[in-house]
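Visitor: Sharing input-v4.pdb here; it has PDB, C-alpha atoms.
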ATOM      1  CA  MET T   1       5.425  19.284  -5.758  1.00  0.00           C
ATOM      2  CA  GLU T   2       7.593  16.722  -7.533  1.00  0.00           C
ATOM      3  CA  LYS T   3       6.146  13.320  -8.132  1.00  0.00           C
ATOM      4  CA  GLN T   4       8.450  10.304  -8.557  1.00  0.00           C
ATOM      5  CA  PRO T   5       6.478   7.367  -9.934  1.00  0.00           C
ATOM      6  CA  THR T   6       9.592   5.252 -10.548  1.00  0.00           C
ATOM      7  CA  THR T   7      13.138   5.995  -9.556  1.00  0.00           C
ATOM      8  CA  ASN T   8      16.348   4.047  -9.790  1.00  0.00           C
ATOM      9  CA  THR T   9      18.221   6.093  -7.210  1.00  0.00           C
ATOM     10  CA  VAL T  10      18.585   5.119  -3.583  1.00  0.00           C
ATOM     11  CA  GLU T  11      17.108   7.898  -1.452  1.00  0.00           C
ATOM     12  CA  GLU T  12      15.742   6.504   1.768  1.00  0.00           C
ATOM     13  CA  PRO T  13      16.800   3.645   4.012  1.00  0.00           C
ATOM     14  CA  LEU T  14      13.897   1.542   2.738  1.00  0.00           C
ATOM     15  CA  ASP T  15      15.377   1.811  -0.758  1.00  0.00           C
ATOM     16  CA  LEU T  16      18.457  -0.013   0.493  1.00  0.00           C
ATOM     17  CA  ILE T  17      16.218  -2.860   1.549  1.00  0.00           C
ATOM     18  CA  ARG T  18      14.561  -2.819  -1.869  1.00  0.00           C
ATOM     19  CA  LEU T  19      17.990  -3.504  -3.395  1.00  0.00           C
ATOM     20  CA  SER T  20      18.204  -6.670  -1.285  1.00  0.00           C
ATOM     21  CA  LEU T  21      15.034  -8.302  -2.659  1.00  0.00           C
ATOM     22  CA  ASP T  22      15.778 -11.877  -3.736  1.00  0.00           C
ATOM     23  CA  GLU T  23      19.122 -11.662  -1.970  1.00  0.00           C
ATOM     24  CA  ARG T  24      20.192 -13.309   1.221  1.00  0.00           C
ATOM     25  CA  ILE T  25      20.131 -10.936   4.198  1.00  0.00           C
ATOM     26  CA  TYR T  26      20.830 -10.901   7.899  1.00  0.00           C
ATOM     27  CA  VAL T  27      18.135  -9.641  10.273  1.00  0.00           C
ATOM     28  CA  LYS T  28      18.724  -8.891  13.928  1.00  0.00           C
ATOM     29  CA  MET T  29      15.622  -9.032  16.107  1.00  0.00           C
ATOM     30  CA  ARG T  30      14.631  -8.308  19.680  1.00  0.00           C
ATOM     31  CA  ASN T  31      15.180 -10.963  22.343  1.00  0.00           C
ATOM     32  CA  ASP T  32      18.612 -11.958  21.028  1.00  0.00           C
ATOM     33  CA  ARG T  33      17.305 -13.521  17.845  1.00  0.00           C
ATOM     34  CA  GLU T  34      18.948 -13.442  14.440  1.00  0.00           C
ATOM     35  CA  LEU T  35      17.682 -14.583  11.078  1.00  0.00           C
ATOM     36  CA  ARG T  36      19.456 -15.295   7.822  1.00  0.00           C
ATOM     37  CA  GLY T  37      17.334 -15.859   4.780  1.00  0.00           C
ATOM     38  CA  ARG T  38      16.327 -14.762   1.295  1.00  0.00           C
ATOM     39  CA  LEU T  39      14.213 -11.616   1.232  1.00  0.00           C
ATOM     40  CA  HIS T  40      11.021 -12.056  -0.783  1.00  0.00           C
ATOM     41  CA  ALA T  41       8.882  -9.170   0.455  1.00  0.00           C
ATOM     42  CA  TYR T  42       8.823  -6.291   2.917  1.00  0.00           C
ATOM     43  CA  ASP T  43       6.786  -3.228   3.748  1.00  0.00           C
ATOM     44  CA  GLN T  44       7.256   0.088   5.528  1.00  0.00           C
ATOM     45  CA  HIS T  45       6.697  -1.569   8.924  1.00  0.00           C
ATOM     46  CA  LEU T  46       9.553  -3.943   8.157  1.00  0.00           C
ATOM     47  CA  ASN T  47       7.163  -6.879   8.084  1.00  0.00           C
ATOM     48  CA  MET T  48       9.073  -9.351   5.884  1.00  0.00           C
ATOM     49  CA  ILE T  49       8.781 -12.648   4.138  1.00  0.00           C
ATOM     50  CA  LEU T  50      12.002 -14.647   4.198  1.00  0.00           C
ATOM     51  CA  GLY T  51      12.647 -17.909   2.402  1.00  0.00           C
ATOM     52  CA  ASP T  52      15.045 -20.640   3.462  1.00  0.00           C
ATOM     53  CA  VAL T  53      15.732 -19.074   6.840  1.00  0.00           C
ATOM     54  CA  GLU T  54      17.961 -20.055   9.683  1.00  0.00           C
ATOM     55  CA  GLU T  55      16.983 -18.615  13.072  1.00  0.00           C
ATOM     56  CA  THR T  56      19.554 -18.319  15.843  1.00  0.00           C
ATOM     57  CA  VAL T  57      18.441 -17.684  19.431  1.00  0.00           C
ATOM     58  CA  THR T  58      21.258 -16.845  21.846  1.00  0.00           C
ATOM     59  CA  THR T  59      21.014 -17.353  25.589  1.00  0.00           C
ATOM     60  CA  VAL T  60      23.457 -16.742  28.404  1.00  0.00           C
ATOM     61  CA  GLU T  61      23.632 -19.070  31.327  1.00  0.00           C
ATOM     62  CA  ILE T  62      25.484 -17.919  34.394  1.00  0.00           C
ATOM     63  CA  ASP T  63      27.094 -20.363  36.770  1.00  0.00           C
ATOM     64  CA  GLU T  64      25.919 -19.276  40.207  1.00  0.00           C
ATOM     65  CA  GLU T  65      29.148 -20.211  41.943  1.00  0.00           C
ATOM     66  CA  THR T  66      31.838 -19.119  39.529  1.00  0.00           C
ATOM     67  CA  TYR T  67      29.785 -16.393  37.749  1.00  0.00           C
ATOM     68  CA  GLU T  68      31.068 -17.739  34.468  1.00  0.00           C
ATOM     69  CA  GLU T  69      28.964 -16.770  31.474  1.00  0.00           C
ATOM     70  CA  LEU T  70      28.112 -19.681  29.215  1.00  0.00           C
ATOM     71  CA  TYR T  71      26.776 -18.567  25.817  1.00  0.00           C
ATOM     72  CA  LYS T  72      24.463 -20.992  24.095  1.00  0.00           C
ATOM     73  CA  SER T  73      22.778 -20.645  20.764  1.00  0.00           C
ATOM     74  CA  THR T  74      19.885 -22.609  19.322  1.00  0.00           C
ATOM     75  CA  LYS T  75      19.345 -22.772  15.592  1.00  0.00           C
ATOM     76  CA  ARG T  76      16.456 -23.946  13.489  1.00  0.00           C
ATOM     77  CA  ASN T  77      15.592 -23.862   9.817  1.00  0.00           C
ATOM     78  CA  ILE T  78      12.259 -22.801   8.370  1.00  0.00           C
ATOM     79  CA  PRO T  79      11.486 -22.940   4.628  1.00  0.00           C
ATOM     80  CA  MET T  80       9.236 -19.859   4.445  1.00  0.00           C
ATOM     81  CA  LEU T  81       8.584 -17.367   7.201  1.00  0.00           C
ATOM     82  CA  PHE T  82       6.576 -14.174   7.733  1.00  0.00           C
ATOM     83  CA  VAL T  83       8.316 -11.906  10.239  1.00  0.00           C
ATOM     84  CA  ARG T  84       6.381  -9.141  11.980  1.00  0.00           C
ATOM     85  CA  GLY T  85       8.162  -5.841  11.681  1.00  0.00           C
ATOM     86  CA  ASP T  86       7.843  -4.712  15.287  1.00  0.00           C
ATOM     87  CA  GLY T  87      10.451  -7.289  16.315  1.00  0.00           C
ATOM     88  CA  VAL T  88      13.059  -6.196  13.766  1.00  0.00           C
ATOM     89  CA  VAL T  89      16.062  -4.193  14.953  1.00  0.00           C
ATOM     90  CA  LEU T  90      18.594  -4.388  12.083  1.00  0.00           C
ATOM     91  CA  VAL T  91      18.670  -5.420   8.416  1.00  0.00           C
ATOM     92  CA  ALA T  92      21.982  -6.024   6.634  1.00  0.00           C
ATOM     93  CA  PRO T  93      23.672  -8.072   3.936  1.00  0.00           C
ATOM     94  CA  PRO T  94      24.721 -11.445   5.413  1.00  0.00           C
ATOM     95  CA  LEU T  95      27.827 -11.358   7.595  1.00  0.00           C
ATOM     96  CA  ARG T  96      30.651 -13.374   6.196  1.00  0.00           C
ATOM     97  CA  VAL T  97      33.283 -14.719   8.560  1.00  0.00           C
ATOM     98  CA  GLY T  98      36.830 -15.001   7.224  1.00  0.00           C
TER
ATOM     99  CA  PHE K   1      -0.706  -0.831   3.177  1.00  0.00           C
ATOM    100  CA  GLN K   2      -2.316  -3.823   1.561  1.00  0.00           C
ATOM    101  CA  LEU K   3       0.603  -6.066   0.610  1.00  0.00           C
ATOM    102  CA  PHE K   4       0.679  -8.528   3.479  1.00  0.00           C
ATOM    103  CA  TYR K   5      -3.070  -8.382   3.996  1.00  0.00           C
ATOM    104  CA  SER K   6      -3.613  -9.565   0.412  1.00  0.00           C
ATOM    105  CA  PHE K   7      -0.849 -12.111   0.811  1.00  0.00           C
ATOM    106  CA  PHE K   8      -2.457 -13.669   3.881  1.00  0.00           C
ATOM    107  CA  LYS K   9      -5.877 -13.666   2.243  1.00  0.00           C
ATOM    108  CA  SER K  10      -4.373 -15.886  -0.462  1.00  0.00           C
ATOM    109  CA  LEU K  11      -3.281 -18.351   2.244  1.00  0.00           C
ATOM    110  CA  VAL K  12      -6.710 -18.765   3.867  1.00  0.00           C
ATOM    111  CA  GLY K  13      -7.437 -22.461   4.356  1.00  0.00           C
ATOM    112  CA  LYS K  14      -3.784 -23.452   4.537  1.00  0.00           C
ATOM    113  CA  ASP K  15      -2.067 -24.894   7.579  1.00  0.00           C
ATOM    114  CA  VAL K  16       0.336 -22.478   9.198  1.00  0.00           C
ATOM    115  CA  VAL K  17       2.332 -22.290  12.381  1.00  0.00           C
ATOM    116  CA  VAL K  18       1.839 -18.986  14.169  1.00  0.00           C
ATOM    117  CA  GLU K  19       4.538 -18.199  16.673  1.00  0.00           C
ATOM    118  CA  LEU K  20       3.418 -15.648  19.226  1.00  0.00           C
ATOM    119  CA  LYS K  21       5.789 -13.488  21.177  1.00  0.00           C
ATOM    120  CA  ASN K  22       5.401 -15.966  24.036  1.00  0.00           C
ATOM    121  CA  ASP K  23       4.678 -19.380  22.520  1.00  0.00           C
ATOM    122  CA  LEU K  24       3.552 -21.491  19.574  1.00  0.00           C
ATOM    123  CA  ILE K  25       0.222 -22.333  18.004  1.00  0.00           C
ATOM    124  CA  CYS K  26      -0.388 -24.351  14.813  1.00  0.00           C
ATOM    125  CA  GLY K  27      -3.590 -24.129  12.930  1.00  0.00           C
ATOM    126  CA  THR K  28      -5.447 -23.589   9.709  1.00  0.00           C
ATOM    127  CA  LEU K  29      -5.651 -19.978   8.615  1.00  0.00           C
ATOM    128  CA  HIS K  30      -9.325 -19.111   8.685  1.00  0.00           C
ATOM    129  CA  SER K  31      -9.304 -15.380   8.135  1.00  0.00           C
ATOM    130  CA  VAL K  32      -7.223 -12.221   8.407  1.00  0.00           C
ATOM    131  CA  ASP K  33      -7.907  -8.474   8.545  1.00  0.00           C
ATOM    132  CA  GLN K  34      -6.067  -5.278   7.641  1.00  0.00           C
ATOM    133  CA  TYR K  35      -4.276  -5.210  11.021  1.00  0.00           C
ATOM    134  CA  LEU K  36      -3.096  -8.767  10.391  1.00  0.00           C
ATOM    135  CA  ASN K  37      -5.234 -10.037  13.255  1.00  0.00           C
ATOM    136  CA  ILE K  38      -5.650 -13.755  12.573  1.00  0.00           C
ATOM    137  CA  LYS K  39      -8.385 -16.306  13.171  1.00  0.00           C
ATOM    138  CA  LEU K  40      -7.075 -19.843  13.365  1.00  0.00           C
ATOM    139  CA  THR K  41      -9.263 -22.938  13.359  1.00  0.00           C
ATOM    140  CA  ASP K  42      -8.466 -26.438  14.505  1.00  0.00           C
ATOM    141  CA  ILE K  43      -5.525 -25.314  16.557  1.00  0.00           C
ATOM    142  CA  SER K  44      -2.974 -27.402  18.383  1.00  0.00           C
ATOM    143  CA  VAL K  45      -0.516 -26.047  20.916  1.00  0.00           C
ATOM    144  CA  THR K  46       2.969 -27.224  20.086  1.00  0.00           C
ATOM    145  CA  ASP K  47       4.088 -27.542  23.711  1.00  0.00           C
ATOM    146  CA  PRO K  48       0.977 -28.787  25.511  1.00  0.00           C
ATOM    147  CA  GLU K  49       2.485 -29.382  28.921  1.00  0.00           C
ATOM    148  CA  LYS K  50       3.582 -25.782  29.123  1.00  0.00           C
ATOM    149  CA  TYR K  51       0.205 -24.365  28.148  1.00  0.00           C
ATOM    150  CA  PRO K  52      -2.505 -26.858  29.155  1.00  0.00           C
ATOM    151  CA  HIS K  53      -5.313 -24.284  29.241  1.00  0.00           C
ATOM    152  CA  MET K  54      -5.516 -24.340  25.454  1.00  0.00           C
ATOM    153  CA  LEU K  55      -6.050 -28.085  25.119  1.00  0.00           C
ATOM    154  CA  SER K  56      -9.816 -27.827  24.727  1.00  0.00           C
ATOM    155  CA  VAL K  57      -9.722 -24.810  22.419  1.00  0.00           C
ATOM    156  CA  LYS K  58     -10.351 -25.449  18.743  1.00  0.00           C
ATOM    157  CA  ASN K  59     -10.521 -21.939  17.281  1.00  0.00           C
ATOM    158  CA  CYS K  60      -8.911 -18.715  18.306  1.00  0.00           C
ATOM    159  CA  PHE K  61      -8.559 -15.061  17.422  1.00  0.00           C
ATOM    160  CA  ILE K  62      -5.041 -13.679  17.629  1.00  0.00           C
ATOM    161  CA  ARG K  63      -4.292  -9.962  17.816  1.00  0.00           C
ATOM    162  CA  GLY K  64      -1.834  -9.094  15.069  1.00  0.00           C
ATOM    163  CA  SER K  65       0.563  -7.265  17.378  1.00  0.00           C
ATOM    164  CA  VAL K  66       1.401 -10.381  19.449  1.00  0.00           C
ATOM    165  CA  VAL K  67       2.574 -12.401  16.463  1.00  0.00           C
ATOM    166  CA  ARG K  68       6.321 -12.885  16.176  1.00  0.00           C
ATOM    167  CA  TYR K  69       6.400 -15.171  13.110  1.00  0.00           C
ATOM    168  CA  VAL K  70       4.062 -17.073  10.821  1.00  0.00           C
ATOM    169  CA  GLN K  71       5.649 -20.209   9.372  1.00  0.00           C
ATOM    170  CA  LEU K  72       4.369 -20.760   5.859  1.00  0.00           C
ATOM    171  CA  PRO K  73       4.333 -23.730   3.493  1.00  0.00           C
ATOM    172  CA  ALA K  74       7.050 -22.847   0.982  1.00  0.00           C
ATOM    173  CA  ASP K  75       5.264 -24.437  -1.935  1.00  0.00           C
ATOM    174  CA  GLU K  76       2.196 -22.238  -1.484  1.00  0.00           C
ATOM    175  CA  VAL K  77       4.208 -19.057  -1.939  1.00  0.00           C
ATOM    176  CA  ASP K  78       4.962 -17.430  -5.282  1.00  0.00           C
ATOM    177  CA  THR K  79       8.236 -15.664  -4.552  1.00  0.00           C
ATOM    178  CA  GLN K  80       8.436 -13.811  -7.881  1.00  0.00           C
ATOM    179  CA  LEU K  81       4.996 -12.342  -7.354  1.00  0.00           C
ATOM    180  CA  LEU K  82       5.921 -11.331  -3.820  1.00  0.00           C
ATOM    181  CA  GLN K  83       9.085  -9.593  -4.884  1.00  0.00           C
ATOM    182  CA  ASP K  84       7.317  -7.613  -7.599  1.00  0.00           C
ATOM    183  CA  ALA K  85       4.532  -6.642  -5.207  1.00  0.00           C
ATOM    184  CA  ALA K  86       7.064  -5.509  -2.614  1.00  0.00           C
ATOM    185  CA  ARG K  87       8.791  -3.264  -5.154  1.00  0.00           C
ATOM    186  CA  LYS K  88       5.475  -1.665  -6.062  1.00  0.00           C
ATOM    187  CA  GLU K  89       4.504  -1.216  -2.414  1.00  0.00           C
ATOM    188  CA  ALA K  90       7.846   0.465  -1.717  1.00  0.00           C
ATOM    189  CA  MET K  91       7.267   2.880  -4.598  1.00  0.00           C
ATOM    190  CA  GLN K  92       3.798   3.748  -3.371  1.00  0.00           C
ATOM    191  CA  GLN K  93       5.098   4.441   0.095  1.00  0.00           C
ATOM    192  CA  LYS K  94       7.527   7.049  -1.134  1.00  0.00           C
ATOM    193  CA  GLN K  95       4.831   9.302  -2.580  1.00  0.00           C
TER
END
Mind turning this structure into structure tokens?

Guide:
Amino acid sequence: MEKQPTTNTVEEPLDLIRLSLDERIYVKMRNDRELRGRLHAYDQHLNMILGDVEETVTTVEIDEETYEELYKSTKRNIPMLFVRGDGVVLVAPPLRVG
Amino acid sequence: FQLFYSFFKSLVGKDVVVELKNDLICGTLHSVDQYLNIKLTDISVTDPEKYPHMLSVKNCFIRGSVVRYVQLPADEVDTQLLQDAARKEAMQQKQ
């Protein structure tokens, strides 16, 4: 059996997350929530500690008469946040528009 | 397995805001266990009109699985230490 006490190669998906430590990342969560923040810690459950985070919650309101969809988003900022892994759906480098 | 458990143990006695999958509670972190179940003392419900049945409650036990977030005081957190511990934890998990 090979043992790998330290390795600098990326082998599993969790290694990709390791490369993002102390970087800003984008996290998509269940219930239409998104977070952007600086990754300070994570584990195999995808529990995470993010610093300087902005949370965006997106809701859709539907006008009963016209059936128009009105998308609203609510943002808030939190200096340091523990996120429980069972709500996490996606982890990525931050999306840049333009 | 131990990373966040040890981290929360270091925050015992601090004021935190625990956000459950359905609503908010603020309190002082009293204790935590390996499943990240949390005991909070001196709690206040952040939206009292929505959840009046908690108004008389001072302490509570929260099952770890219903927590969505825990808001932490930024100045109580050593980010360098956290990052190094996370790297070690990731290495241990691979073996």

Visitor: Per residue of chain T within 12 Å of chain K, what are the shortest atom pair and its distance in Å to one decimal, counting only C-alpha atoms, with rows by chain and residue number, as JSON lines?

Guide:
{"residue": "T:Met1", "atom": "CA", "partner": "K:Gln95", "partner_atom": "CA", "distance": 10.5}
{"residue": "T:Glu2", "atom": "CA", "partner": "K:Gln95", "partner_atom": "CA", "distance": 9.3}
{"residue": "T:Lys3", "atom": "CA", "partner": "K:Gln95", "partner_atom": "CA", "distance": 7.0}
{"residue": "T:Gln4", "atom": "CA", "partner": "K:Gln95", "partner_atom": "CA", "distance": 7.1}
{"residue": "T:Pro5", "atom": "CA", "partner": "K:Met91", "partner_atom": "CA", "distance": 7.0}
{"residue": "T:Thr6", "atom": "CA", "partner": "K:Met91", "partner_atom": "CA", "distance": 6.8}
{"residue": "T:Thr7", "atom": "CA", "partner": "K:Met91", "partner_atom": "CA", "distance": 8.3}
{"residue": "T:Asn8", "atom": "CA", "partner": "K:Met91", "partner_atom": "CA", "distance": 10.5}
{"residue": "T:Thr9", "atom": "CA", "partner": "K:Met91", "partner_atom": "CA", "distance": 11.7}
{"residue": "T:Val10", "atom": "CA", "partner": "K:Lys94", "partner_atom": "CA", "distance": 11.5}
{"residue": "T:Glu11", "atom": "CA", "partner": "K:Lys94", "partner_atom": "CA", "distance": 9.6}
{"residue": "T:Glu12", "atom": "CA", "partner": "K:Lys94", "partner_atom": "CA", "distance": 8.7}
{"residue": "T:Pro13", "atom": "CA", "partner": "K:Ala90", "partner_atom": "CA", "distance": 11.1}
{"residue": "T:Leu14", "atom": "CA", "partner": "K:Ala90", "partner_atom": "CA", "distance": 7.6}
{"residue": "T:Asp15", "atom": "CA", "partner": "K:Ala90", "partner_atom": "CA", "distance": 7.7}
{"residue": "T:Leu16", "atom": "CA", "partner": "K:Ala90", "partner_atom": "CA", "distance": 10.8}
{"residue": "T:Ile17", "atom": "CA", "partner": "K:Ala90", "partner_atom": "CA", "distance": 9.6}
{"residue": "T:Arg18", "atom": "CA", "partner": "K:Arg87", "partner_atom": "CA", "distance": 6.7}
{"residue": "T:Leu19", "atom": "CA", "partner": "K:Arg87", "partner_atom": "CA", "distance": 9.4}
{"residue": "T:Ser20", "atom": "CA", "partner": "K:Gln83", "partner_atom": "CA", "distance": 10.2}
{"residue": "T:Leu21", "atom": "CA", "partner": "K:Gln83", "partner_atom": "CA", "distance": 6.5}
{"residue": "T:Asp22", "atom": "CA", "partner": "K:Gln83", "partner_atom": "CA", "distance": 7.2}
{"residue": "T:Glu23", "atom": "CA", "partner": "K:Gln83", "partner_atom": "CA", "distance": 10.7}
{"residue": "T:Met29", "atom": "CA", "partner": "K:Arg68", "partner_atom": "CA", "distance": 10.1}
{"residue": "T:Arg30", "atom": "CA", "partner": "K:Arg68", "partner_atom": "CA", "distance": 10.1}
{"residue": "T:Asn31", "atom": "CA", "partner": "K:Lys21", "partner_atom": "CA", "distance": 9.8}
{"residue": "T:Arg33", "atom": "CA", "partner": "K:Arg68", "partner_atom": "CA", "distance": 11.1}
{"residue": "T:Leu35", "atom": "CA", "partner": "K:Tyr69", "partner_atom": "CA", "distance": 11.5}
{"residue": "T:Arg38", "atom": "CA", "partner": "K:Thr79", "partner_atom": "CA", "distance": 10.0}
{"residue": "T:Leu39", "atom": "CA", "partner": "K:Gln83", "partner_atom": "CA", "distance": 8.2}
{"residue": "T:His40", "atom": "CA", "partner": "K:Gln83", "partner_atom": "CA", "distance": 5.2}
{"residue": "T:Ala41", "atom": "CA", "partner": "K:Ala86", "partner_atom": "CA", "distance": 5.1}
{"residue": "T:Tyr42", "atom": "CA", "partner": "K:Ala86", "partner_atom": "CA", "distance": 5.9}
{"residue": "T:Asp43", "atom": "CA", "partner": "K:Ala90", "partner_atom": "CA", "distance": 6.7}
{"residue": "T:Gln44", "atom": "CA", "partner": "K:Ala90", "partner_atom": "CA", "distance": 7.3}
{"residue": "T:His45", "atom": "CA", "partner": "K:Phe1", "partner_atom": "CA", "distance": 9.4}
{"residue": "T:Leu46", "atom": "CA", "partner": "K:Ala90", "partner_atom": "CA", "distance": 10.9}
{"residue": "T:Asn47", "atom": "CA", "partner": "K:Phe4", "partner_atom": "CA", "distance": 8.1}
{"residue": "T:Met48", "atom": "CA", "partner": "K:Phe4", "partner_atom": "CA", "distance": 8.8}
{"residue": "T:Ile49", "atom": "CA", "partner": "K:Leu82", "partner_atom": "CA", "distance": 8.6}
{"residue": "T:Leu50", "atom": "CA", "partner": "K:Thr79", "partner_atom": "CA", "distance": 9.6}
{"residue": "T:Gly51", "atom": "CA", "partner": "K:Ala74", "partner_atom": "CA", "distance": 7.6}
{"residue": "T:Asp52", "atom": "CA", "partner": "K:Ala74", "partner_atom": "CA", "distance": 8.7}
{"residue": "T:Val53", "atom": "CA", "partner": "K:Gln71", "partner_atom": "CA", "distance": 10.5}
{"residue": "T:Glu55", "atom": "CA", "partner": "K:Tyr69", "partner_atom": "CA", "distance": 11.1}
{"residue": "T:Asn77", "atom": "CA", "partner": "K:Gln71", "partner_atom": "CA", "distance": 10.6}
{"residue": "T:Ile78", "atom": "CA", "partner": "K:Gln71", "partner_atom": "CA", "distance": 7.2}
{"residue": "T:Pro79", "atom": "CA", "partner": "K:Ala74", "partner_atom": "CA", "distance": 5.7}
{"residue": "T:Met80", "atom": "CA", "partner": "K:Ala74", "partner_atom": "CA", "distance": 5.1}
{"residue": "T:Leu81", "atom": "CA", "partner": "K:Gln71", "partner_atom": "CA", "distance": 4.6}
{"residue": "T:Phe82", "atom": "CA", "partner": "K:Val70", "partner_atom": "CA", "distance": 4.9}
{"residue": "T:Val83", "atom": "CA", "partner": "K:Tyr69", "partner_atom": "CA", "distance": 4.8}
{"residue": "T:Arg84", "atom": "CA", "partner": "K:Arg68", "partner_atom": "CA", "distance": 5.6}
{"residue": "T:Gly85", "atom": "CA", "partner": "K:Arg68", "partner_atom": "CA", "distance": 8.6}
{"residue": "T:Asp86", "atom": "CA", "partner": "K:Ser65", "partner_atom": "CA", "distance": 8.0}
{"residue": "T:Gly87", "atom": "CA", "partner": "K:Arg68", "partner_atom": "CA", "distance": 7.0}
{"residue": "T:Val88", "atom": "CA", "partner": "K:Arg68", "partner_atom": "CA", "distance": 9.8}

Visitor: Let me know the residues the PyMOL selection byres ((chain K and resi 43) around 8) catches in the file above, as a ChimeraX atom specification.

Guide: /K:25-28,40-42,44-45,57-60

Visitor: With 7 Å as the threshold, what does the neighbourhood of (-8.7, -10.7, 13.7) contain in terms of residues, counting only C-alpha atoms? Coordinates are those of the file; answer as a VMD selection string.

Guide: chain K and resid 32 to 33 36 to 39 61 to 63

Visitor: Can you write just those residues out, C-alpha atoms, as a CSV table (one decimal), keeping the file's coordinate frame?

Guide:
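Below is the file that was written, again03.csv:
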chain,number,residue,atom,x,y,z
K,32,VAL,CA,-7.2,-12.2,8.4
K,33,ASP,CA,-7.9,-8.5,8.5
K,36,LEU,CA,-3.1,-8.8,10.4
K,37,ASN,CA,-5.2,-10.0,13.3
K,38,ILE,CA,-5.6,-13.8,12.6
K,39,LYS,CA,-8.4,-16.3,13.2
K,61,PHE,CA,-8.6,-15.1,17.4
K,62,ILE,CA,-5.0,-13.7,17.6
K,63,ARG,CA,-4.3,-10.0,17.8

Visitor: Edge lengths and centre, in Å to one decimal, as lines of an AutoDock Vina configuration file: that's what I need for the box along x, y and z that holds all listed atoms of range 38-57 of chain T plus 3 Å on each side.

Guide:
center_x = 13.1
center_y = -10.3
center_z = 9.3
size_x = 18.9
size_y = 26.7
size_z = 26.2

Visitor: Work out how far apart CA of Lys72 in chain T and CA of Lys28 in chain T are and give it in Å to one decimal.

Guide: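 CA of Lys28 in chain T lies at a distance of 16.8 Å from CA of Lys72 in chain T.
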
Visitor: Would you kindly translate the PyMOL selection byres ((chain T and resi 94) around 10) into the concrete residues it picks from this file, as a ChimeraX atom specification?

Guide: /T:23-27,35-38,91-93,95-97

Visitor: Would you compute the distance between CA of Lys75 in chain T and CA of Asp23 in chain K? Give it in Å to one decimal.

Guide: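 Between CA of Lys75 in chain T and CA of Asp23 in chain K the gap works out to 16.6 Å.
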
Visitor: Write only N, CA and C atoms for range 3-17 of chain K from the block just shown, as a PDB file, in the first residue's frame.

Guide:
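Result saved to decode31.pdb:
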ATOM      1  N   LEU K   3     -11.298  18.943  13.394  1.00  0.00           N
ATOM      2  CA  LEU K   3     -10.953  20.349  13.129  1.00  0.00           C
ATOM      3  C   LEU K   3     -11.979  21.334  13.676  1.00  0.00           C
ATOM      4  N   PHE K   4     -13.216  21.215  13.245  1.00  0.00           N
ATOM      5  CA  PHE K   4     -14.201  22.216  13.644  1.00  0.00           C
ATOM      6  C   PHE K   4     -14.644  22.022  15.085  1.00  0.00           C
ATOM      7  N   TYR K   5     -14.578  20.804  15.578  1.00  0.00           N
ATOM      8  CA  TYR K   5     -14.879  20.564  16.984  1.00  0.00           C
ATOM      9  C   TYR K   5     -13.886  21.336  17.850  1.00  0.00           C
ATOM     10  N   SER K   6     -12.593  21.214  17.555  1.00  0.00           N
ATOM     11  CA  SER K   6     -11.590  21.942  18.336  1.00  0.00           C
ATOM     12  C   SER K   6     -11.765  23.440  18.179  1.00  0.00           C
ATOM     13  N   PHE K   7     -12.087  23.858  16.949  1.00  0.00           N
ATOM     14  CA  PHE K   7     -12.285  25.272  16.690  1.00  0.00           C
ATOM     15  C   PHE K   7     -13.409  25.841  17.549  1.00  0.00           C
ATOM     16  N   PHE K   8     -14.542  25.137  17.598  1.00  0.00           N
ATOM     17  CA  PHE K   8     -15.660  25.637  18.398  1.00  0.00           C
ATOM     18  C   PHE K   8     -15.349  25.591  19.883  1.00  0.00           C
ATOM     19  N   LYS K   9     -14.588  24.594  20.310  1.00  0.00           N
ATOM     20  CA  LYS K   9     -14.227  24.549  21.735  1.00  0.00           C
ATOM     21  C   LYS K   9     -13.463  25.804  22.114  1.00  0.00           C
ATOM     22  N   SER K  10     -12.658  26.337  21.177  1.00  0.00           N
ATOM     23  CA  SER K  10     -11.879  27.536  21.486  1.00  0.00           C
ATOM     24  C   SER K  10     -12.765  28.774  21.562  1.00  0.00           C
ATOM     25  N   LEU K  11     -14.009  28.665  21.079  1.00  0.00           N
ATOM     26  CA  LEU K  11     -14.913  29.821  21.084  1.00  0.00           C
ATOM     27  C   LEU K  11     -15.913  29.768  22.229  1.00  0.00           C
ATOM     28  N   VAL K  12     -15.800  28.756  23.104  1.00  0.00           N
ATOM     29  CA  VAL K  12     -16.760  28.646  24.211  1.00  0.00           C
ATOM     30  C   VAL K  12     -16.691  29.898  25.060  1.00  0.00           C
ATOM     31  N   GLY K  13     -17.855  30.445  25.399  1.00  0.00           N
ATOM     32  CA  GLY K  13     -17.927  31.666  26.198  1.00  0.00           C
ATOM     33  C   GLY K  13     -18.107  32.907  25.348  1.00  0.00           C
ATOM     34  N   LYS K  14     -17.932  32.778  24.032  1.00  0.00           N
ATOM     35  CA  LYS K  14     -18.088  33.952  23.179  1.00  0.00           C
ATOM     36  C   LYS K  14     -19.527  34.064  22.692  1.00  0.00           C
ATOM     37  N   ASP K  15     -19.910  35.280  22.341  1.00  0.00           N
ATOM     38  CA  ASP K  15     -21.242  35.496  21.784  1.00  0.00           C
ATOM     39  C   ASP K  15     -21.228  35.149  20.310  1.00  0.00           C
ATOM     40  N   VAL K  16     -22.179  34.343  19.899  1.00  0.00           N
ATOM     41  CA  VAL K  16     -22.285  33.989  18.486  1.00  0.00           C
ATOM     42  C   VAL K  16     -23.724  34.115  18.049  1.00  0.00           C
ATOM     43  N   VAL K  17     -23.932  34.174  16.768  1.00  0.00           N
ATOM     44  CA  VAL K  17     -25.278  34.135  16.211  1.00  0.00           C
ATOM     45  C   VAL K  17     -25.404  32.836  15.443  1.00  0.00           C
TER      46      VAL K  17
END
